[in-house]
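K.L.:
Dumping the structure here so I can ask a few things about it.
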Amino acid sequence: MWFWNKKKAPEVAPKHEVSPSQEFNTFGLQDLLHYIKREIGVDLLSKNSVIETKLRLFCERKEIYSFRKLFETLQHDKTLRQDLIDLVTVNETYFYREESQLDLAVHFALAIPNVKILCAPCASGEEVYSLSMLLQEKKKDSREFSITGIDINAEAIAKAQQGLFSERSLHKLDDRIKEKFFTHEDRFYRVKREYFSSVSFTKVNIFDHEFLSLGKYDIVFSRNMLIYFDDDFRLKAIERFANLLKPEGKLFLGHADIVPENNYFVKHTEHRLSYYVKKS
């Protein structure tokens with residue numbers, strides 16, 4: 001129990017002043033959107049009304065109260081830059097997505113000894129694991145293969161490396177495939193590592209110099225990335241894929257991806273499925 005001298009008025013605890021919430025200043029949004037386009041190729045300039053709210057909430061969580069301040073801080077804060085990249089490059093996918101296209105790529109891959117495949121971007125890894133499972137299911141001999149998944153989104157790469165997926169991600173897989181390649185953990189499925197020693201994941205921006213040091217590949221998958229670029233960045237991406245592909249290498253894109261006129265690839269169609277072959 002607390003006592004005080006009755007002859008002396010008790011001290012009143014000082015009130016904690018609550019600072020009013022800081023008003024957000026939207027100045028600098030255009031500079032920020034141009035920065036995003038320049039650094040990672042994603043064109044958000046036509047989506048101002050949608051992206052402004054998303055970026056504003058991102059800023060407020062970081063206790064940054066103007067787009068201009070965010071733009072300035074990005075110039076020297078690599079962690080903040082990666083957090084922003086993760087925000088604007090989230091991509092949900094699932095196993096065996098567009099399976100007919102995967103099957104066609106696997107058909108080509110099985111004819112190539114020690115085939116090397118690149119998935120760029122790979123998101124959280126479902127496409128990489130899907131290709132690996134299909135190759136393992138269909139190959140008749142012990143020939144080797146390797147599949148590399150890259151993405152600019154650090155959170156996606158971490159999830160791909162962890163190999164833990166929701167039931168929704170596996171909704172197209174039958175029970176036999178699930179039992180063979182995954183361990184069921186509560187509401188999730190974890191890949192069995194012994195089946196995936198030939199897959200790897202790494203964080204890479206296709207527009208960075210590091211991308212061109214990845215090596216040479218027989219097949220490149222890049223589905224639903226070009227739709228976020230303008231023609232200049234699409235052409236730049238196509239050129240970079242050509243640099244990584246071996247002669248006669250094949251490029252698979254998403255159905256909605258727009259390919260600008262270029263001197264690197266010839267379009268082919270087989271069973272109503274399109275792919276691109278690198279010019280010799």
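Simple scheme: letters A, B, ... for chains in structure tokens order, numbers from 1 for residues in each chain, numbers from 1 for ligands in the order shown.
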I'd like the neighbourhood of Gly254 (chain A) as a PyMOL selection string, where a residue qualifies if any of its atoms comes within 8 Å (using only C-alpha atoms), though same-chain residues fewer than 4 positions away should be ignored.

P.N.:
chain A and resi 222-225

K.L.:
Show which residues sit within 9 Å of His34 (chain A), as an NGL selection string. Count only C-alpha atoms, and ignore same-chain residues fewer than 3 positions away.

P.N.:
:A and (29-31 or 37-39 or 43-45)

K.L.:
The selected residues should be written to file as a PDB file, in the first residue's frame (atoms: N, CA and C atoms).

P.N.:
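Just written: selection34.pdb:
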```pdb
ATOM      1  N   LEU A  29       5.881  10.901 -55.685  1.00  0.00           N
ATOM      2  CA  LEU A  29       5.404   9.588 -56.138  1.00  0.00           C
ATOM      3  C   LEU A  29       5.934   9.259 -57.534  1.00  0.00           C
ATOM      4  N   GLN A  30       5.902  10.229 -58.443  1.00  0.00           N
ATOM      5  CA  GLN A  30       6.353   9.967 -59.814  1.00  0.00           C
ATOM      6  C   GLN A  30       7.841   9.598 -59.850  1.00  0.00           C
ATOM      7  N   ASP A  31       8.647  10.304 -59.067  1.00  0.00           N
ATOM      8  CA  ASP A  31      10.073   9.963 -58.997  1.00  0.00           C
ATOM      9  C   ASP A  31      10.261   8.538 -58.490  1.00  0.00           C
ATOM     10  N   LYS A  37      10.758   1.514 -61.969  1.00  0.00           N
ATOM     11  CA  LYS A  37      10.850   1.070 -63.359  1.00  0.00           C
ATOM     12  C   LYS A  37      12.304   0.966 -63.806  1.00  0.00           C
ATOM     13  N   ARG A  38      13.108   1.935 -63.428  1.00  0.00           N
ATOM     14  CA  ARG A  38      14.514   1.948 -63.853  1.00  0.00           C
ATOM     15  C   ARG A  38      15.316   0.817 -63.220  1.00  0.00           C
ATOM     16  N   GLU A  39      15.051   0.532 -61.947  1.00  0.00           N
ATOM     17  CA  GLU A  39      15.856  -0.440 -61.218  1.00  0.00           C
ATOM     18  C   GLU A  39      15.437  -1.881 -61.460  1.00  0.00           C
ATOM     19  N   ASP A  43       6.757  -1.596 -64.510  1.00  0.00           N
ATOM     20  CA  ASP A  43       6.129  -0.327 -64.875  1.00  0.00           C
ATOM     21  C   ASP A  43       4.822  -0.159 -64.115  1.00  0.00           C
ATOM     22  N   LEU A  44       4.847   0.717 -63.104  1.00  0.00           N
ATOM     23  CA  LEU A  44       3.663   0.971 -62.283  1.00  0.00           C
ATOM     24  C   LEU A  44       3.064   2.342 -62.564  1.00  0.00           C
ATOM     25  N   LEU A  45       3.596   3.031 -63.559  1.00  0.00           N
ATOM     26  CA  LEU A  45       3.170   4.408 -63.828  1.00  0.00           C
ATOM     27  C   LEU A  45       1.706   4.493 -64.236  1.00  0.00           C
TER      28      LEU A  45
END
```

K.L.:
Taking only C-alpha atoms into account, which of A:Leu235, A:Met133, A:Leu226, A:Leu245 comes nearest Ile117 (chain A)?

P.N.:
A:Leu245

K.L.:
I'd like the contact shell of Phe58 (chain A) - 12 Å cut-off, only C-alpha atoms, skipping same-chain residues fewer than 5 positions apart - returned as an MDAnalysis selection string.

P.N.:
chainID A and resid 24 51:53 63:67 70 80:81 83:88

K.L.:
Can I get the selection written as a compact mmCIF listing (two decimals), in the first residue's frame, with C-alpha atoms?

P.N.:
```txt
# COMPACT_ATOMS: atom_id res chain seq x y z
CA PHE A 24 1.66 11.93 -45.11
CA ILE A 51 -0.08 1.45 -56.16
CA GLU A 52 -0.20 4.78 -54.29
CA THR A 53 -2.17 3.29 -51.38
CA GLU A 63 7.82 5.39 -40.28
CA ILE A 64 8.52 7.29 -43.47
CA TYR A 65 6.00 10.02 -44.16
CA SER A 66 6.59 11.09 -47.75
CA PHE A 67 7.31 9.39 -51.05
CA LEU A 70 11.36 7.02 -49.33
CA LEU A 80 14.73 -0.96 -47.55
CA ARG A 81 15.31 -1.40 -51.27
CA ASP A 83 11.73 -4.73 -48.91
CA LEU A 84 10.29 -2.48 -51.62
CA ILE A 85 11.21 -4.98 -54.34
CA ASP A 86 9.49 -7.74 -52.36
CA LEU A 87 6.39 -5.56 -52.07
CA VAL A 88 5.97 -4.91 -55.80
```

K.L.:
Which residues are close to region 167-184 of chain A, i.e. within 12 Å by only C-alpha atoms, leaving aside same-chain residues fewer than 5 positions away? Reply as a list in words.

P.N.:
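Final neighbour list, sorted by chain and number: Glu92, Thr93, Tyr94, Phe95, Tyr96, Arg97, Glu98, Glu99, Ser124, Gly125, Glu126, Glu127, Tyr129, Ser130, Ser132, Met133, Leu134, Gln136, Glu137, Tyr189, Arg190, Val191, Lys192, Arg193, Glu194, Tyr195 and Phe196 of chain A.
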
K.L.:
Write to file, as a PDB file, in the first residue's frame, the residues of the selection just made, with N, CA and C atoms.

P.N.:
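Output saved as out.pdb:
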```
ATOM      1  N   GLU A  92       1.855 -15.104 -56.926  1.00  0.00           N
ATOM      2  CA  GLU A  92       1.334 -16.392 -56.485  1.00  0.00           C
ATOM      3  C   GLU A  92       1.308 -17.384 -57.637  1.00  0.00           C
ATOM      4  N   THR A  93       1.648 -18.618 -57.355  1.00  0.00           N
ATOM      5  CA  THR A  93       1.606 -19.651 -58.377  1.00  0.00           C
ATOM      6  C   THR A  93       1.257 -20.980 -57.722  1.00  0.00           C
ATOM      7  N   TYR A  94       1.305 -22.065 -58.499  1.00  0.00           N
ATOM      8  CA  TYR A  94       0.974 -23.375 -57.943  1.00  0.00           C
ATOM      9  C   TYR A  94       1.634 -24.453 -58.798  1.00  0.00           C
ATOM     10  N   PHE A  95       1.667 -25.678 -58.300  1.00  0.00           N
ATOM     11  CA  PHE A  95       2.322 -26.782 -58.982  1.00  0.00           C
ATOM     12  C   PHE A  95       1.543 -27.183 -60.245  1.00  0.00           C
ATOM     13  N   TYR A  96       2.312 -27.541 -61.272  1.00  0.00           N
ATOM     14  CA  TYR A  96       1.771 -28.001 -62.556  1.00  0.00           C
ATOM     15  C   TYR A  96       0.887 -26.946 -63.224  1.00  0.00           C
ATOM     16  N   ARG A  97       1.212 -25.701 -63.011  1.00  0.00           N
ATOM     17  CA  ARG A  97       0.468 -24.617 -63.664  1.00  0.00           C
ATOM     18  C   ARG A  97       0.767 -24.645 -65.158  1.00  0.00           C
ATOM     19  N   GLU A  98      -0.263 -24.537 -66.000  1.00  0.00           N
ATOM     20  CA  GLU A  98      -0.120 -24.659 -67.447  1.00  0.00           C
ATOM     21  C   GLU A  98       0.664 -25.926 -67.776  1.00  0.00           C
ATOM     22  N   GLU A  99       0.117 -27.072 -67.345  1.00  0.00           N
ATOM     23  CA  GLU A  99       0.836 -28.341 -67.420  1.00  0.00           C
ATOM     24  C   GLU A  99       1.199 -28.734 -68.848  1.00  0.00           C
ATOM     25  N   SER A 124       7.973 -18.561 -55.818  1.00  0.00           N
ATOM     26  CA  SER A 124       8.266 -19.348 -54.619  1.00  0.00           C
ATOM     27  C   SER A 124       8.657 -20.791 -54.931  1.00  0.00           C
ATOM     28  N   GLY A 125       8.958 -21.088 -56.199  1.00  0.00           N
ATOM     29  CA  GLY A 125       9.590 -22.356 -56.532  1.00  0.00           C
ATOM     30  C   GLY A 125       8.723 -23.443 -57.124  1.00  0.00           C
ATOM     31  N   GLU A 126       7.419 -23.224 -57.184  1.00  0.00           N
ATOM     32  CA  GLU A 126       6.532 -24.287 -57.669  1.00  0.00           C
ATOM     33  C   GLU A 126       6.875 -24.744 -59.092  1.00  0.00           C
ATOM     34  N   GLU A 127       7.220 -23.802 -59.962  1.00  0.00           N
ATOM     35  CA  GLU A 127       7.539 -24.165 -61.338  1.00  0.00           C
ATOM     36  C   GLU A 127       8.800 -25.018 -61.410  1.00  0.00           C
ATOM     37  N   TYR A 129      10.136 -26.978 -59.021  1.00  0.00           N
ATOM     38  CA  TYR A 129       9.850 -28.317 -58.480  1.00  0.00           C
ATOM     39  C   TYR A 129       8.954 -29.106 -59.443  1.00  0.00           C
ATOM     40  N   SER A 130       8.017 -28.433 -60.093  1.00  0.00           N
ATOM     41  CA  SER A 130       7.131 -29.115 -61.043  1.00  0.00           C
ATOM     42  C   SER A 130       7.932 -29.717 -62.196  1.00  0.00           C
ATOM     43  N   SER A 132      11.064 -30.501 -62.241  1.00  0.00           N
ATOM     44  CA  SER A 132      11.887 -31.590 -61.717  1.00  0.00           C
ATOM     45  C   SER A 132      11.072 -32.867 -61.545  1.00  0.00           C
ATOM     46  N   MET A 133       9.873 -32.760 -60.995  1.00  0.00           N
ATOM     47  CA  MET A 133       9.033 -33.941 -60.801  1.00  0.00           C
ATOM     48  C   MET A 133       8.637 -34.567 -62.135  1.00  0.00           C
ATOM     49  N   LEU A 134       8.271 -33.729 -63.102  1.00  0.00           N
ATOM     50  CA  LEU A 134       7.879 -34.249 -64.411  1.00  0.00           C
ATOM     51  C   LEU A 134       9.046 -34.947 -65.102  1.00  0.00           C
ATOM     52  N   GLN A 136      11.602 -36.400 -63.605  1.00  0.00           N
ATOM     53  CA  GLN A 136      11.859 -37.645 -62.888  1.00  0.00           C
ATOM     54  C   GLN A 136      10.816 -38.712 -63.223  1.00  0.00           C
ATOM     55  N   GLU A 137       9.588 -38.284 -63.418  1.00  0.00           N
ATOM     56  CA  GLU A 137       8.515 -39.224 -63.730  1.00  0.00           C
ATOM     57  C   GLU A 137       8.630 -39.785 -65.150  1.00  0.00           C
ATOM     58  N   TYR A 189       2.751 -29.130 -46.979  1.00  0.00           N
ATOM     59  CA  TYR A 189       3.524 -30.206 -47.592  1.00  0.00           C
ATOM     60  C   TYR A 189       4.960 -29.718 -47.777  1.00  0.00           C
ATOM     61  N   ARG A 190       5.919 -30.539 -47.320  1.00  0.00           N
ATOM     62  CA  ARG A 190       7.331 -30.190 -47.474  1.00  0.00           C
ATOM     63  C   ARG A 190       7.982 -31.121 -48.498  1.00  0.00           C
ATOM     64  N   VAL A 191       8.768 -30.542 -49.407  1.00  0.00           N
ATOM     65  CA  VAL A 191       9.419 -31.363 -50.427  1.00  0.00           C
ATOM     66  C   VAL A 191      10.423 -32.307 -49.768  1.00  0.00           C
ATOM     67  N   LYS A 192      10.530 -33.510 -50.308  1.00  0.00           N
ATOM     68  CA  LYS A 192      11.535 -34.464 -49.844  1.00  0.00           C
ATOM     69  C   LYS A 192      12.843 -34.151 -50.556  1.00  0.00           C
ATOM     70  N   ARG A 193      13.823 -33.698 -49.792  1.00  0.00           N
ATOM     71  CA  ARG A 193      15.061 -33.180 -50.363  1.00  0.00           C
ATOM     72  C   ARG A 193      15.792 -34.199 -51.228  1.00  0.00           C
ATOM     73  N   GLU A 194      15.650 -35.484 -50.907  1.00  0.00           N
ATOM     74  CA  GLU A 194      16.394 -36.492 -51.654  1.00  0.00           C
ATOM     75  C   GLU A 194      16.001 -36.530 -53.126  1.00  0.00           C
ATOM     76  N   TYR A 195      14.836 -35.986 -53.451  1.00  0.00           N
ATOM     77  CA  TYR A 195      14.393 -35.989 -54.844  1.00  0.00           C
ATOM     78  C   TYR A 195      14.792 -34.716 -55.597  1.00  0.00           C
ATOM     79  N   PHE A 196      15.316 -33.725 -54.885  1.00  0.00           N
ATOM     80  CA  PHE A 196      15.521 -32.425 -55.527  1.00  0.00           C
ATOM     81  C   PHE A 196      16.947 -31.902 -55.369  1.00  0.00           C
TER      82      PHE A 196
END
```

K.L.:
Could you work out how far CA of Phe265 (chain A) lies from CA of Ser280 (chain A), giving the answer in Å with one decimal?

P.N.:
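These two atoms are separated by 9.1 Å.
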
K.L.:
Sorted by chain and rising residue number, list the residues of region 82-131 of chain A at most 8 Å from region 143-162 of chain A (counting only C-alpha atoms), each with its closest atom pair and distance in Å to one decimal, as a tab-separated table.

P.N.:
```
residue	atom	partner	partner_atom	distance
A:Gln82	CA	A:Ala154	CA	7.2
A:Ile85	CA	A:Asn153	CA	6.3
A:Asp86	CA	A:Asn153	CA	4.8
A:Thr89	CA	A:Asn153	CA	6.4
A:Val90	CA	A:Asn153	CA	7.4
A:Pro113	CA	A:Arg143	CA	6.4
A:Asn114	CA	A:Glu144	CA	4.8
A:Val115	CA	A:Phe145	CA	4.9
A:Lys116	CA	A:Ser146	CA	5.0
A:Ile117	CA	A:Ile147	CA	4.7
A:Leu118	CA	A:Thr148	CA	4.9
A:Cys119	CA	A:Gly149	CA	4.7
A:Ala120	CA	A:Ile150	CA	5.3
A:Pro121	CA	A:Asp151	CA	4.7
A:Cys122	CA	A:Gly149	CA	5.1
A:Ala123	CA	A:Ala156	CA	5.3
A:Ser124	CA	A:Ala156	CA	4.5
A:Gly125	CA	A:Ala160	CA	4.5
A:Glu126	CA	A:Ala160	CA	7.6
A:Val128	CA	A:Gly149	CA	6.3
```

K.L.:
If you keep N, CA, C and O atoms, can you produce a file of those selected residues as a short mmCIF file (atom, residue, chain, number, x, y, z; two decimals), in the first residue's frame?

P.N.:
```cif
data_model
loop_
_atom_site.label_atom_id
_atom_site.label_comp_id
_atom_site.auth_asym_id
_atom_site.auth_seq_id
_atom_site.Cartn_x
_atom_site.Cartn_y
_atom_site.Cartn_z
N GLN A 82 15.34 -3.80 -50.82
CA GLN A 82 14.88 -5.16 -51.01
C GLN A 82 13.45 -5.33 -50.52
O GLN A 82 12.64 -6.03 -51.13
N ILE A 85 11.25 -4.03 -53.23
CA ILE A 85 11.21 -4.98 -54.34
C ILE A 85 10.26 -6.13 -54.01
O ILE A 85 9.45 -6.55 -54.83
N ASP A 86 10.36 -6.65 -52.78
CA ASP A 86 9.49 -7.74 -52.36
C ASP A 86 8.02 -7.32 -52.41
O ASP A 86 7.14 -8.11 -52.75
N THR A 89 6.78 -7.19 -56.25
CA THR A 89 7.00 -8.34 -57.13
C THR A 89 6.39 -9.62 -56.57
O THR A 89 6.80 -10.71 -56.92
N VAL A 90 5.39 -9.50 -55.71
CA VAL A 90 4.72 -10.69 -55.17
C VAL A 90 4.01 -11.41 -56.31
O VAL A 90 3.31 -10.81 -57.11
N PRO A 113 21.13 -34.45 -73.41
CA PRO A 113 21.94 -34.97 -72.29
C PRO A 113 22.34 -33.84 -71.35
O PRO A 113 22.71 -32.74 -71.79
N ASN A 114 22.25 -34.12 -70.05
CA ASN A 114 22.64 -33.13 -69.03
C ASN A 114 21.98 -31.77 -69.27
O ASN A 114 22.62 -30.72 -69.21
N VAL A 115 20.69 -31.79 -69.53
CA VAL A 115 19.95 -30.57 -69.84
C VAL A 115 19.98 -29.60 -68.67
O VAL A 115 19.91 -30.00 -67.50
N LYS A 116 20.10 -28.32 -69.00
CA LYS A 116 20.10 -27.25 -68.00
C LYS A 116 18.92 -26.33 -68.28
O LYS A 116 18.75 -25.83 -69.40
N ILE A 117 18.11 -26.09 -67.24
CA ILE A 117 16.90 -25.28 -67.37
C ILE A 117 16.97 -24.11 -66.39
O ILE A 117 17.40 -24.28 -65.24
N LEU A 118 16.54 -22.95 -66.84
CA LEU A 118 16.48 -21.76 -65.99
C LEU A 118 15.04 -21.29 -65.90
O LEU A 118 14.35 -21.17 -66.92
N CYS A 119 14.57 -21.01 -64.69
CA CYS A 119 13.25 -20.41 -64.46
C CYS A 119 13.47 -19.00 -63.92
O CYS A 119 14.01 -18.83 -62.82
N ALA A 120 13.06 -18.00 -64.70
CA ALA A 120 13.32 -16.61 -64.33
C ALA A 120 12.13 -15.74 -64.73
O ALA A 120 11.94 -15.49 -65.91
N PRO A 121 11.32 -15.33 -63.78
CA PRO A 121 11.44 -15.52 -62.34
C PRO A 121 10.83 -16.85 -61.91
O PRO A 121 9.96 -17.40 -62.59
N CYS A 122 11.26 -17.32 -60.74
CA CYS A 122 10.76 -18.61 -60.25
C CYS A 122 9.73 -18.46 -59.16
O CYS A 122 9.20 -19.46 -58.67
N ALA A 123 9.46 -17.21 -58.71
CA ALA A 123 8.53 -16.97 -57.60
C ALA A 123 8.93 -17.85 -56.41
O ALA A 123 10.10 -17.92 -56.06
N SER A 124 7.97 -18.56 -55.82
CA SER A 124 8.27 -19.35 -54.62
C SER A 124 8.66 -20.79 -54.93
O SER A 124 8.67 -21.64 -54.04
N GLY A 125 8.96 -21.09 -56.20
CA GLY A 125 9.59 -22.36 -56.53
C GLY A 125 8.72 -23.44 -57.12
O GLY A 125 9.23 -24.49 -57.55
N GLU A 126 7.42 -23.22 -57.18
CA GLU A 126 6.53 -24.29 -57.67
C GLU A 126 6.87 -24.74 -59.09
O GLU A 126 6.82 -25.94 -59.39
N VAL A 128 9.81 -24.66 -60.64
CA VAL A 128 11.07 -25.42 -60.62
C VAL A 128 10.83 -26.85 -60.14
O VAL A 128 11.26 -27.82 -60.78
#
```

K.L.:
Could you tell me how far CA of Val259 (chain A) sits from CA of Lys236 (chain A), in Å to one decimal place?

P.N.:
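So the two atoms, CA of Lys236 (chain A) and CA of Val259 (chain A), lie 10.8 Å apart.
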